[in-house]
file structure09.pdb (PDB, C-alpha atoms)
ATOM      1  CA  MET A   1     -35.539  13.640 -37.170
ATOM      2  CA  LYS A   2     -37.657  15.055 -34.343
ATOM      3  CA  PRO A   3     -36.054  17.628 -31.956
ATOM      4  CA  LYS A   4     -36.441  15.272 -29.002
ATOM      5  CA  SER A   5     -34.600  12.546 -30.908
ATOM      6  CA  TRP A   6     -31.711  14.935 -31.603
ATOM      7  CA  LYS A   7     -31.530  15.883 -27.933
ATOM      8  CA  LYS A   8     -31.568  12.234 -26.929
ATOM      9  CA  TRP A   9     -28.791  11.344 -29.348
ATOM     10  CA  LEU A  10     -26.733  14.374 -28.270
ATOM     11  CA  LEU A  11     -27.043  13.411 -24.599
ATOM     12  CA  THR A  12     -26.049   9.836 -25.454
ATOM     13  CA  ILE A  13     -22.972  11.061 -27.340
ATOM     14  CA  ILE A  14     -21.985  13.284 -24.399
ATOM     15  CA  LYS A  15     -22.377  10.392 -21.965
ATOM     16  CA  ILE A  16     -20.308   8.019 -24.094
ATOM     17  CA  SER A  17     -17.631  10.671 -24.653
ATOM     18  CA  LEU A  18     -17.317  11.401 -20.939
ATOM     19  CA  PHE A  19     -17.103   7.700 -20.119
ATOM     20  CA  LEU A  20     -14.424   7.089 -22.765
ATOM     21  CA  LEU A  21     -12.426  10.122 -21.598
ATOM     22  CA  ALA A  22     -12.628   8.865 -18.019
ATOM     23  CA  CYS A  23     -11.461   5.402 -19.065
ATOM     24  CA  TYR A  24      -8.584   6.907 -21.054
ATOM     25  CA  PHE A  25      -7.511   9.068 -18.106
ATOM     26  CA  ILE A  26      -7.485   6.046 -15.800
ATOM     27  CA  TYR A  27      -5.559   4.051 -18.404
ATOM     28  CA  GLU A  28      -2.945   6.823 -18.576
ATOM     29  CA  ILE A  29      -2.565   6.782 -14.784
ATOM     30  CA  ILE A  30      -2.202   2.999 -14.739
ATOM     31  CA  GLU A  31       0.386   3.068 -17.523
ATOM     32  CA  LYS A  32       2.355   5.887 -15.877
ATOM     33  CA  ASN A  33       2.340   4.154 -12.489
ATOM     34  CA  LEU A  34       2.539   0.548 -13.666
ATOM     35  CA  THR A  35       5.946  -0.041 -12.056
ATOM     36  CA  ALA A  36       4.770   1.401  -8.736
ATOM     37  CA  LEU A  37       1.568  -0.650  -8.839
ATOM     38  CA  LYS A  38       3.538  -3.852  -9.459
ATOM     39  CA  SER A  39       5.904  -3.068  -6.586
ATOM     40  CA  ILE A  40       3.131  -2.776  -3.986
ATOM     41  CA  GLU A  41       3.540  -5.381  -1.257
ATOM     42  CA  ILE A  42       0.868  -6.009   1.341
ATOM     43  CA  LYS A  43       2.684  -6.557   4.619
ATOM     44  CA  ASN A  44      -0.169  -8.262   6.425
ATOM     45  CA  ASN A  45      -2.404 -10.266   4.087
ATOM     46  CA  ALA A  46      -4.718 -11.442   6.865
ATOM     47  CA  PHE A  47      -5.307  -7.863   8.006
ATOM     48  CA  PHE A  48      -5.933  -6.728   4.423
ATOM     49  CA  VAL A  49      -8.458  -9.499   3.733
ATOM     50  CA  GLY A  50     -10.116  -8.825   7.077
ATOM     51  CA  ILE A  51     -10.520  -5.134   6.222
ATOM     52  CA  LEU A  52     -12.007  -6.025   2.830
ATOM     53  CA  LEU A  53     -14.554  -8.419   4.349
ATOM     54  CA  ALA A  54     -15.407  -6.002   7.160
ATOM     55  CA  SER A  55     -15.812  -3.191   4.601
ATOM     56  CA  ILE A  56     -18.281  -5.268   2.591
ATOM     57  CA  LEU A  57     -20.396  -5.910   5.698
ATOM     58  CA  PHE A  58     -20.094  -2.274   6.747
ATOM     59  CA  TYR A  59     -21.183  -1.178   3.272
ATOM     60  CA  VAL A  60     -24.309  -3.307   3.653
ATOM     61  CA  ALA A  61     -25.026  -1.527   6.950
ATOM     62  CA  LEU A  62     -24.553   1.855   5.248
ATOM     63  CA  MET A  63     -27.018   0.836   2.549
ATOM     64  CA  MET A  64     -29.521   0.053   5.280
ATOM     65  CA  VAL A  65     -29.097   3.657   6.460
ATOM     66  CA  LEU A  66     -29.854   4.910   2.932
ATOM     67  CA  VAL A  67     -32.909   2.689   2.806
ATOM     68  CA  PHE A  68     -34.103   4.101   6.125
ATOM     69  CA  ALA A  69     -33.864   7.602   4.625
ATOM     70  CA  TRP A  70     -35.913   6.414   1.627
ATOM     71  CA  VAL A  71     -38.565   4.958   3.923
ATOM     72  CA  VAL A  72     -38.691   8.261   5.825
ATOM     73  CA  LEU A  73     -39.176  10.178   2.570
ATOM     74  CA  LEU A  74     -42.064   7.859   1.682
ATOM     75  CA  GLY A  75     -43.749   8.663   4.991
ATOM     76  CA  PHE A  76     -43.216   5.072   6.234
ATOM     77  CA  GLN A  77     -45.802   3.747   3.780
ATOM     78  CA  GLU A  78     -45.336   0.016   3.108
ATOM     79  CA  PRO A  79     -41.822   0.226   4.584
ATOM     80  CA  GLN A  80     -40.818  -3.422   4.208
ATOM     81  CA  ARG A  81     -41.842  -3.700   0.559
ATOM     82  CA  SER A  82     -40.329  -0.299  -0.269
ATOM     83  CA  ALA A  83     -37.071  -1.275   1.442
ATOM     84  CA  LYS A  84     -36.890  -4.543  -0.484
ATOM     85  CA  VAL A  85     -37.358  -2.745  -3.801
ATOM     86  CA  TYR A  86     -34.678  -0.189  -2.905
ATOM     87  CA  PHE A  87     -32.197  -2.920  -1.947
ATOM     88  CA  LYS A  88     -32.750  -4.805  -5.210
ATOM     89  CA  SER A  89     -32.538  -1.645  -7.318
ATOM     90  CA  GLN A  90     -29.001  -0.689  -6.313
ATOM     91  CA  ILE A  91     -27.178  -3.208  -8.479
ATOM     92  CA  MET A  92     -29.071  -1.878 -11.514
ATOM     93  CA  LYS A  93     -27.288   1.470 -11.459
ATOM     94  CA  TYR A  94     -24.359  -0.273 -13.173
ATOM     95  CA  LEU A  95     -26.492  -1.013 -16.223
ATOM     96  CA  PRO A  96     -25.988   1.264 -19.253
ATOM     97  CA  GLY A  97     -27.863   4.494 -18.866
ATOM     98  CA  ASN A  98     -27.409   4.927 -15.113
ATOM     99  CA  VAL A  99     -31.164   5.374 -14.621
ATOM    100  CA  PHE A 100     -32.474   1.829 -14.515
ATOM    101  CA  HIS A 101     -32.329   1.676 -10.718
ATOM    102  CA  PHE A 102     -34.596   4.732 -10.564
ATOM    103  CA  ALA A 103     -36.978   3.246 -13.131
ATOM    104  CA  TYR A 104     -37.072  -0.135 -11.370
ATOM    105  CA  ARG A 105     -37.597   1.471  -7.968
ATOM    106  CA  HIS A 106     -40.403   3.670  -9.301
ATOM    107  CA  HIS A 107     -42.192   0.846 -11.111
ATOM    108  CA  GLN A 108     -41.917  -1.725  -8.331
ATOM    109  CA  THR A 109     -42.757   0.614  -5.438
ATOM    110  CA  LYS A 110     -45.916   2.071  -6.970
ATOM    111  CA  SER A 111     -49.065   0.766  -5.299
ATOM    112  CA  ALA A 112     -52.551   1.842  -4.268
ATOM    113  CA  ASN A 113     -51.011   3.773  -1.373
ATOM    114  CA  ILE A 114     -48.001   5.197  -3.220
ATOM    115  CA  SER A 115     -48.715   7.151  -6.403
ATOM    116  CA  HIS A 116     -46.493   8.071  -9.353
ATOM    117  CA  LYS A 117     -46.527  11.685  -8.191
ATOM    118  CA  GLN A 118     -45.443  10.802  -4.659
ATOM    119  CA  LEU A 119     -42.635   8.593  -5.956
ATOM    120  CA  GLY A 120     -41.486  11.332  -8.310
ATOM    121  CA  MET A 121     -41.409  13.893  -5.493
ATOM    122  CA  THR A 122     -39.680  11.442  -3.148
ATOM    123  CA  THR A 123     -36.956  10.722  -5.726
ATOM    124  CA  ALA A 124     -36.490  14.463  -6.231
ATOM    125  CA  TYR A 125     -36.206  15.055  -2.468
ATOM    126  CA  GLU A 126     -33.725  12.188  -2.178
ATOM    127  CA  SER A 127     -31.506  13.645  -4.902
ATOM    128  CA  ILE A 128     -31.695  17.159  -3.442
ATOM    129  CA  VAL A 129     -30.720  16.081   0.074
ATOM    130  CA  LEU A 130     -28.009  13.697  -1.187
ATOM    131  CA  VAL A 131     -26.423  16.499  -3.201
ATOM    132  CA  ILE A 132     -26.655  18.915  -0.258
ATOM    133  CA  SER A 133     -25.090  16.433   2.175
ATOM    134  CA  ALA A 134     -22.255  15.521  -0.217
ATOM    135  CA  LEU A 135     -21.607  19.203  -0.914
ATOM    136  CA  LEU A 136     -21.550  20.130   2.778
ATOM    137  CA  ILE A 137     -19.162  17.297   3.662
ATOM    138  CA  SER A 138     -16.898  18.168   0.733
ATOM    139  CA  HIS A 139     -16.428  21.588   2.374
ATOM    140  CA  LEU A 140     -14.060  19.861   4.792
ATOM    141  CA  LEU A 141     -11.507  20.286   2.000
ATOM    142  CA  PHE A 142     -11.333  23.955   3.002
ATOM    143  CA  LEU A 143      -9.276  22.689   5.945
ATOM    144  CA  TRP A 144      -6.603  21.911   3.330
ATOM    145  CA  PRO A 145      -6.833  24.964   1.028
ATOM    146  CA  GLU A 146      -3.605  24.016  -0.747
ATOM    147  CA  GLN A 147      -5.467  21.012  -2.165
ATOM    148  CA  ILE A 148      -8.204  23.067  -3.824
ATOM    149  CA  THR A 149      -6.410  26.137  -5.175
ATOM    150  CA  TRP A 150      -8.446  25.659  -8.379
ATOM    151  CA  LEU A 151     -11.423  26.772  -6.253
ATOM    152  CA  THR A 152     -10.026  28.996  -3.490
ATOM    153  CA  ASN A 153      -8.086  31.161  -5.954
ATOM    154  CA  HIS A 154     -11.233  31.896  -7.942
ATOM    155  CA  LEU A 155     -13.861  32.310  -5.234
ATOM    156  CA  PRO A 156     -15.514  35.726  -5.626
ATOM    157  CA  ILE A 157     -16.350  35.813  -1.908
ATOM    158  CA  PRO A 158     -14.613  34.640   1.303
ATOM    159  CA  ILE A 159     -15.076  31.040   2.360
ATOM    160  CA  TRP A 160     -17.046  32.022   5.478
ATOM    161  CA  ALA A 161     -19.514  33.969   3.315
ATOM    162  CA  LEU A 162     -19.976  30.978   1.015
ATOM    163  CA  LEU A 163     -20.672  28.691   3.973
ATOM    164  CA  LEU A 164     -23.117  31.216   5.442
ATOM    165  CA  ILE A 165     -25.048  31.413   2.167
ATOM    166  CA  GLU A 166     -25.302  27.626   1.995
ATOM    167  CA  VAL A 167     -26.467  27.303   5.613
ATOM    168  CA  VAL A 168     -29.117  29.974   5.036
ATOM    169  CA  GLY A 169     -30.140  28.149   1.856
ATOM    170  CA  CYS A 170     -30.610  24.909   3.796
ATOM    171  CA  MET A 171     -32.708  26.707   6.402
ATOM    172  CA  LEU A 172     -34.899  28.242   3.691
ATOM    173  CA  LEU A 173     -35.312  24.840   2.046
ATOM    174  CA  LEU A 174     -36.333  23.350   5.377
ATOM    175  CA  LYS A 175     -38.921  26.114   5.825
ATOM    176  CA  MET A 176     -40.254  25.874   2.258
ATOM    177  CA  LEU A 177     -40.538  22.085   2.242
ATOM    178  CA  PRO A 178     -41.612  21.091   5.759
ATOM    179  CA  GLY A 179     -42.683  17.642   6.780
ATOM    180  CA  PHE A 180     -40.695  15.485   4.339
ATOM    181  CA  GLY A 181     -37.965  14.558   6.806
ATOM    182  CA  PHE A 182     -35.204  16.903   5.608
ATOM    183  CA  LEU A 183     -33.122  16.820   8.794
ATOM    184  CA  THR A 184     -33.606  13.071   9.312
ATOM    185  CA  THR A 185     -32.557  12.200   5.769
ATOM    186  CA  LEU A 186     -29.718  14.737   5.844
ATOM    187  CA  PHE A 187     -28.329  13.095   8.983
ATOM    188  CA  SER A 188     -28.721   9.640   7.386
ATOM    189  CA  TYR A 189     -26.732  10.752   4.350
ATOM    190  CA  PHE A 190     -24.073  12.291   6.597
ATOM    191  CA  VAL A 191     -23.730   8.860   8.221
ATOM    192  CA  TYR A 192     -23.410   7.247   4.782
ATOM    193  CA  PHE A 193     -20.609   9.557   3.608
ATOM    194  CA  ALA A 194     -18.836   9.368   6.976
ATOM    195  CA  GLY A 195     -18.959   5.580   6.718
ATOM    196  CA  MET A 196     -17.633   5.543   3.156
ATOM    197  CA  GLY A 197     -14.841   7.851   4.263
ATOM    198  CA  LEU A 198     -14.010   5.365   7.002
ATOM    199  CA  ILE A 199     -13.830   2.513   4.486
ATOM    200  CA  ASN A 200     -11.362   4.485   2.361
ATOM    201  CA  TYR A 201      -9.371   5.451   5.459
ATOM    202  CA  LEU A 202      -9.104   1.809   6.591
ATOM    203  CA  LEU A 203      -8.059   0.663   3.126
ATOM    204  CA  ILE A 204      -5.125   3.083   3.239
ATOM    205  CA  SER A 205      -4.017   1.489   6.500
ATOM    206  CA  ALA A 206      -4.577  -2.065   5.230
ATOM    207  CA  LEU A 207      -2.420  -1.426   2.158
ATOM    208  CA  GLY A 208       0.357   0.110   4.244
ATOM    209  CA  PHE A 209       0.195   3.520   2.547
ATOM    210  CA  GLU A 210       1.106   6.722   4.358
ATOM    211  CA  SER A 211      -1.720   7.677   6.703
ATOM    212  CA  GLN A 212      -4.020  10.502   5.612
ATOM    213  CA  PRO A 213      -6.455  12.602   7.687
ATOM    214  CA  TYR A 214      -9.827  10.895   7.946
ATOM    215  CA  LEU A 215     -11.765  14.121   7.278
ATOM    216  CA  PHE A 216      -9.672  14.793   4.182
ATOM    217  CA  ILE A 217     -10.342  11.350   2.716
ATOM    218  CA  THR A 218     -14.055  11.618   3.558
ATOM    219  CA  ALA A 219     -14.300  15.016   1.850
ATOM    220  CA  CYS A 220     -12.490  13.710  -1.235
ATOM    221  CA  PHE A 221     -14.867  10.771  -1.498
ATOM    222  CA  ALA A 222     -17.957  12.963  -0.989
ATOM    223  CA  LEU A 223     -16.941  15.367  -3.765
ATOM    224  CA  ALA A 224     -15.937  12.499  -6.062
ATOM    225  CA  TRP A 225     -19.278  10.797  -5.390
ATOM    226  CA  LEU A 226     -21.075  14.058  -6.150
ATOM    227  CA  ALA A 227     -19.273  14.398  -9.473
ATOM    228  CA  GLY A 228     -20.172  10.837 -10.430
ATOM    229  CA  TYR A 229     -23.783  11.450  -9.421
ATOM    230  CA  LEU A 230     -24.268  14.723 -11.299
ATOM    231  CA  ILE A 231     -22.101  14.359 -14.400
ATOM    232  CA  PRO A 232     -23.847  12.315 -17.109
ATOM    233  CA  GLY A 233     -21.850   9.399 -18.374
ATOM    234  CA  ALA A 234     -20.788   6.101 -16.911
ATOM    235  CA  PRO A 235     -23.079   3.663 -15.079
ATOM    236  CA  GLY A 236     -22.934   4.265 -11.347
ATOM    237  CA  GLY A 237     -20.522   7.149 -11.935
ATOM    238  CA  THR A 238     -17.817   4.644 -12.925
ATOM    239  CA  GLY A 239     -14.736   6.446 -14.177
ATOM    240  CA  ILE A 240     -15.931   9.938 -13.258
ATOM    241  CA  ARG A 241     -15.796   9.250  -9.515
ATOM    242  CA  GLU A 242     -12.377   7.632  -9.810
ATOM    243  CA  ILE A 243     -10.899  10.531 -11.789
ATOM    244  CA  VAL A 244     -12.147  13.194  -9.370
ATOM    245  CA  PHE A 245     -10.972  11.215  -6.331
ATOM    246  CA  ILE A 246      -7.468  10.825  -7.772
ATOM    247  CA  MET A 247      -7.259  14.505  -8.701
ATOM    248  CA  LEU A 248      -8.423  15.645  -5.263
ATOM    249  CA  CYS A 249      -6.052  13.352  -3.368
ATOM    250  CA  ALA A 250      -2.947  14.486  -5.268
ATOM    251  CA  PRO A 251      -0.385  15.562  -4.191
ATOM    252  CA  LYS A 252      -1.102  14.380  -0.624
ATOM    253  CA  MET A 253      -1.276  10.864  -2.060
ATOM    254  CA  ALA A 254       0.511   9.301  -4.997
ATOM    255  CA  GLU A 255      -1.722   8.783  -8.035
ATOM    256  CA  TYR A 256      -1.369   5.014  -7.931
ATOM    257  CA  GLU A 257      -2.297   4.933  -4.231
ATOM    258  CA  ALA A 258      -5.453   6.974  -4.781
ATOM    259  CA  LEU A 259      -6.304   4.834  -7.819
ATOM    260  CA  LEU A 260      -5.947   1.613  -5.857
ATOM    261  CA  ILE A 261      -8.020   2.934  -2.936
ATOM    262  CA  ILE A 262     -10.947   4.111  -5.059
ATOM    263  CA  ALA A 263     -10.770   0.961  -7.219
ATOM    264  CA  LEU A 264     -11.036  -1.229  -4.114
ATOM    265  CA  THR A 265     -13.914   0.936  -2.868
ATOM    266  CA  ARG A 266     -15.691   0.359  -6.182
ATOM    267  CA  LEU A 267     -15.053  -3.392  -5.894
ATOM    268  CA  ILE A 268     -16.424  -3.418  -2.343
ATOM    269  CA  SER A 269     -19.579  -1.606  -3.436
ATOM    270  CA  ILE A 270     -20.206  -3.958  -6.367
ATOM    271  CA  VAL A 271     -19.703  -7.092  -4.250
ATOM    272  CA  ALA A 272     -21.839  -5.717  -1.419
ATOM    273  CA  GLU A 273     -24.639  -4.568  -3.727
ATOM    274  CA  SER A 274     -24.636  -7.972  -5.439
ATOM    275  CA  LEU A 275     -25.069  -9.622  -2.031
ATOM    276  CA  ILE A 276     -27.755  -7.087  -1.122
ATOM    277  CA  TYR A 277     -29.707  -7.988  -4.258
ATOM    278  CA  PHE A 278     -29.982 -11.635  -3.185
ATOM    279  CA  MET A 279     -30.499 -10.792   0.503
ATOM    280  CA  ALA A 280     -33.098  -8.063  -0.105
ATOM    281  CA  SER A 281     -35.951 -10.017   1.478
ATOM    282  CA  LYS A 282     -34.093 -10.635   4.737
ATOM    283  CA  LEU A 283     -32.535  -7.187   4.917
ATOM    284  CA  SER A 284     -35.932  -5.538   4.458
ATOM    285  CA  GLN A 285     -37.601  -7.425   7.326
ATOM    286  CA  PRO A 286     -36.487  -5.026  10.126
ATOM    287  CA  TYR A 287     -38.279  -2.175   8.341
ATOM    288  CA  ARG A 288     -41.666  -3.798   8.889
ATOM    289  CA  HIS A 289     -41.631  -2.327  12.394
ATOM    290  CA  PHE A 290     -41.963   1.144  10.863
ATOM    291  CA  SER A 291     -45.387   0.329   9.419
ATOM    292  CA  THR A 292     -47.004   1.759  12.552
ATOM    293  CA  TRP A 293     -45.290   5.082  11.788
ATOM    294  CA  SER A 294     -47.149   5.499   8.473
ATOM    295  CA  GLY A 295     -48.111   9.131   7.951
ATOM    296  CA  LYS A 296     -45.839  10.337  10.740
ATOM    297  CA  THR A 297     -44.079  13.621  10.050
ATOM    298  CA  MET A 298     -40.319  13.621  10.577
ATOM    299  CA  PRO A 299     -38.161  16.729  11.131
TER
END

call {"tool": "encode", "arguments": {"input": "structure09.pdb", "output": "structure tokens"}}
result
Amino acid sequence: MKPKSWKKWLLTIIKISLFLLACYFIYEIIEKNLTALKSIEIKNNAFFVGILLASILFYVALMMVLVFAWVVLLGFQEPQRSAKVYFKSQIMKYLPGNVFHFAYRHHQTKSANISHKQLGMTTAYESIVLVISALLISHLLFLWPEQITWLTNHLPIPIWALLLIEVVGCMLLLKMLPGFGFLTTLFSYFVYFAGMGLINYLLISALGFESQPYLFITACFALAWLAGYLIPGAPGGTGIREIVFIMLCAPKMAEYEALLIIALTRLISIVAESLIYFMASKLSQPYRHFSTWSGKTMP
């Protein structure tokens, strides 16, 4: 068998193994907390349903922010068509392989004005800035050092030095790669993670769980999202994101509470992205106004 085939099979085995381990871990948590999960009573059903519906609509708005960042990275070329493709591609990240949304987006967005090379660079920039923004927001966990002793106890340098290195790194990146909208997209992704943190925070209130600091929940989600994005395995980071979120939230939250929150967040995202798929044409219409900005350089 060719070397590339061996590498492909090995990567596939790793992905499947990670997904199965994640599923087993979640199963263990459910089994251990089954009694507690069954005993949960929602005090105000109308409020809970209202929060769920509002979260779905809010998630759609957050996706529009991500699409704006994508349009910025493309230099506002064919913004309406590019936005429509991006909207429709999101539901495909739940297909096996976790890359079909990238492939669909690349294939459908390519045109006479947008080359393969530009799309490849744009996707790379998107991933880089998404990872940076999630990493920076996850640093809010340093406000609760007792939650991340697995990191703080093994840091070779003080926290302030680590933050300084990362800020300098961002400044160097901005200087090395000017003109692709680094600050604009970084701010857009900050808005996305802040919004997802708010959804998780509101779900805690809707379920009647003990209130948790908003910044803490946002940081937990950002780091869990980052793990699901970077670690190969489940479609859309399913399983990986849930495990990391539960581990980060404990012991400030009970395992079953964290499980229920992140499970509802996953449900909200799937429902919202399904709606977005069918509403892509309408949702992409506002972006047509950016066509006059084509070629404009963003900070």

call {"tool": "residues_around", "arguments": {"input": "structure09.pdb", "residues": "Ile148 of chain A", "least_positions_apart": "5", "cutoff": "8 Å", "atoms": "only C-alpha atoms", "output": "list in words"}}
result
Leu141, Phe142 and Leu248 of chain A

call {"tool": "closest_residue", "arguments": {"input": "structure09.pdb", "among": "A:Val131, A:Leu140, A:Ile51, A:Ile199", "to": "Leu186 of chain A", "atoms": "only C-alpha atoms"}}
result
A:Val131

call {"tool": "residues_near_point", "arguments": {"input": "structure09.pdb", "point": "(-36.5, 12.0, -0.4)", "cutoff": "6 Å", "atoms": "all atoms listed in the file", "output": "list of chain:residue names"}}
result
A:Trp70, A:Leu73, A:Thr122, A:Thr123, A:Tyr125, A:Glu126

call {"tool": "closest_residue", "arguments": {"input": "structure09.pdb", "among": "A:Leu207, A:Met64, A:Ala263, A:Ile91", "to": "Ile42 of chain A", "atoms": "all atoms listed in the file"}}
result
A:Leu207

call {"tool": "closest_residue", "arguments": {"input": "structure09.pdb", "among": "A:Ile30, A:Met92, A:Leu136, A:Leu260", "to": "Phe187 of chain A", "atoms": "all atoms listed in the file"}}
result
A:Leu136

call {"tool": "axis_aligned_box", "arguments": {"input": "structure09.pdb", "around": "segment 38-50 of chain A", "padding_each_side": "3 Å", "output": "JSON"}}
result
{"center_x": -2.1, "center_y": -7.1, "center_z": -0.7, "size_x": 22.0, "size_y": 14.7, "size_z": 23.5}

call {"tool": "atom_distance", "arguments": {"input": "structure09.pdb", "atom1": "atom CA of Leu283 of chain A", "atom2": "atom CA of Lys84 of chain A"}}
result
7.4 Å

call {"tool": "residues_around", "arguments": {"input": "structure09.pdb", "residues": "segment 241-245 of chain A", "least_positions_apart": "3", "cutoff": "10 Å", "atoms": "only C-alpha atoms", "output": "VMD selection string"}}
result
chain A and resid 21 to 23 25 to 26 29 217 219 to 229 231 234 236 to 238 248 to 250 255 258 to 263 265 to 266

call {"tool": "residues_around", "arguments": {"input": "structure09.pdb", "residues": "segment 65-69 of chain A", "least_positions_apart": "4", "cutoff": "9 Å", "atoms": "all atoms listed in the file", "output": "mmCIF file with C-alpha atoms, keeping the file's coordinate frame"}}
result
data_model
loop_
_atom_site.group_PDB
_atom_site.id
_atom_site.type_symbol
_atom_site.label_atom_id
_atom_site.label_comp_id
_atom_site.auth_asym_id
_atom_site.auth_seq_id
_atom_site.Cartn_x
_atom_site.Cartn_y
_atom_site.Cartn_z
ATOM 1 C CA VAL A 60 -24.309 -3.307 3.653
ATOM 2 C CA ALA A 61 -25.026 -1.527 6.950
ATOM 3 C CA LEU A 73 -39.176 10.178 2.570
ATOM 4 C CA LEU A 74 -42.064 7.859 1.682
ATOM 5 C CA PRO A 79 -41.822 0.226 4.584
ATOM 6 C CA SER A 82 -40.329 -0.299 -0.269
ATOM 7 C CA ALA A 83 -37.071 -1.275 1.442
ATOM 8 C CA LYS A 84 -36.890 -4.543 -0.484
ATOM 9 C CA TYR A 86 -34.678 -0.189 -2.905
ATOM 10 C CA PHE A 87 -32.197 -2.920 -1.947
ATOM 11 C CA GLU A 126 -33.725 12.188 -2.178
ATOM 12 C CA GLY A 181 -37.965 14.558 6.806
ATOM 13 C CA THR A 184 -33.606 13.071 9.312
ATOM 14 C CA THR A 185 -32.557 12.200 5.769
ATOM 15 C CA LEU A 186 -29.718 14.737 5.844
ATOM 16 C CA PHE A 187 -28.329 13.095 8.983
ATOM 17 C CA SER A 188 -28.721 9.640 7.386
ATOM 18 C CA TYR A 189 -26.732 10.752 4.350
ATOM 19 C CA VAL A 191 -23.730 8.860 8.221
ATOM 20 C CA TYR A 192 -23.410 7.247 4.782
ATOM 21 C CA SER A 284 -35.932 -5.538 4.458
ATOM 22 C CA TYR A 287 -38.279 -2.175 8.341
#

call {"tool": "resolve_selection", "arguments": {"input": "structure09.pdb", "expression": "the PyMOL selection byres ((chain A and resi 294) around 10)", "output": "list in words"}}
result
Val71, Val72, Leu74, Gly75, Phe76, Gln77, Glu78, Pro79, Phe290, Ser291, Thr292, Trp293, Gly295, Lys296 and Thr297 of chain A

call {"tool": "atom_distance", "arguments": {"input": "structure09.pdb", "atom1": "atom CA of Ile268 of chain A", "atom2": "atom CA of Ile56 of chain A"}}
result
5.6 Å

call {"tool": "residues_near_point", "arguments": {"input": "structure09.pdb", "point": "(-28.2, 22.7, 6.3)", "cutoff": "10 Å", "atoms": "all atoms listed in the file", "output": "list in words"}}
result
Val129, Ile132, Ser133, Leu136, Leu163, Leu164, Glu166, Val167, Val168, Gly169, Cys170, Met171, Leu172, Leu173, Leu174, Phe182, Leu183, Leu186 and Phe187 of chain A

call {"tool": "closest_residue", "arguments": {"input": "structure09.pdb", "among": "A:Met63, A:Leu130, A:Met253, A:Ala206", "to": "Leu230 of chain A", "atoms": "only C-alpha atoms"}}
result
A:Leu130

call {"tool": "atom_distance", "arguments": {"input": "structure09.pdb", "atom1": "atom CA of Tyr277 of chain A", "atom2": "atom CA of Lys93 of chain A"}}
result
12.1 Å

call {"tool": "closest_residue", "arguments": {"input": "structure09.pdb", "among": "A:Leu57, A:Leu119, A:Ala161, A:Ala254", "to": "Glu273 of chain A", "atoms": "only C-alpha atoms"}}
result
A:Leu57

call {"tool": "build_atoms", "arguments": {"input": "structure09.pdb", "residues": "segment 41-52 of chain A", "atoms": "N, CA and C atoms", "output": "compact mmCIF listing (two decimals), keeping the file's coordinate frame"}}
result
# COMPACT_ATOMS: atom_id res chain seq x y z
N GLU A 41 3.53 -4.15 -2.05
CA GLU A 41 3.54 -5.38 -1.26
C GLU A 41 2.68 -5.18 -0.01
N ILE A 42 1.73 -6.07 0.16
CA ILE A 42 0.87 -6.01 1.34
C ILE A 42 1.58 -6.73 2.48
N LYS A 43 1.88 -6.01 3.53
CA LYS A 43 2.68 -6.56 4.62
C LYS A 43 1.92 -7.58 5.44
N ASN A 44 0.64 -7.35 5.60
CA ASN A 44 -0.17 -8.26 6.42
C ASN A 44 -1.40 -8.67 5.62
N ASN A 45 -1.31 -9.81 4.95
CA ASN A 45 -2.40 -10.27 4.09
C ASN A 45 -3.68 -10.55 4.86
N ALA A 46 -3.54 -11.12 6.05
CA ALA A 46 -4.72 -11.44 6.86
C ALA A 46 -5.46 -10.16 7.26
N PHE A 47 -4.70 -9.14 7.64
CA PHE A 47 -5.31 -7.86 8.01
C PHE A 47 -6.01 -7.23 6.81
N PHE A 48 -5.37 -7.30 5.64
CA PHE A 48 -5.93 -6.73 4.42
C PHE A 48 -7.25 -7.42 4.05
N VAL A 49 -7.23 -8.74 4.06
CA VAL A 49 -8.46 -9.50 3.73
C VAL A 49 -9.55 -9.22 4.76
N GLY A 50 -9.15 -9.12 6.02
CA GLY A 50 -10.12 -8.82 7.08
C GLY A 50 -10.78 -7.47 6.87
N ILE A 51 -9.98 -6.47 6.48
CA ILE A 51 -10.52 -5.13 6.22
C ILE A 51 -11.48 -5.17 5.04
N LEU A 52 -11.13 -5.92 3.99
CA LEU A 52 -12.01 -6.02 2.83
C LEU A 52 -13.35 -6.64 3.20
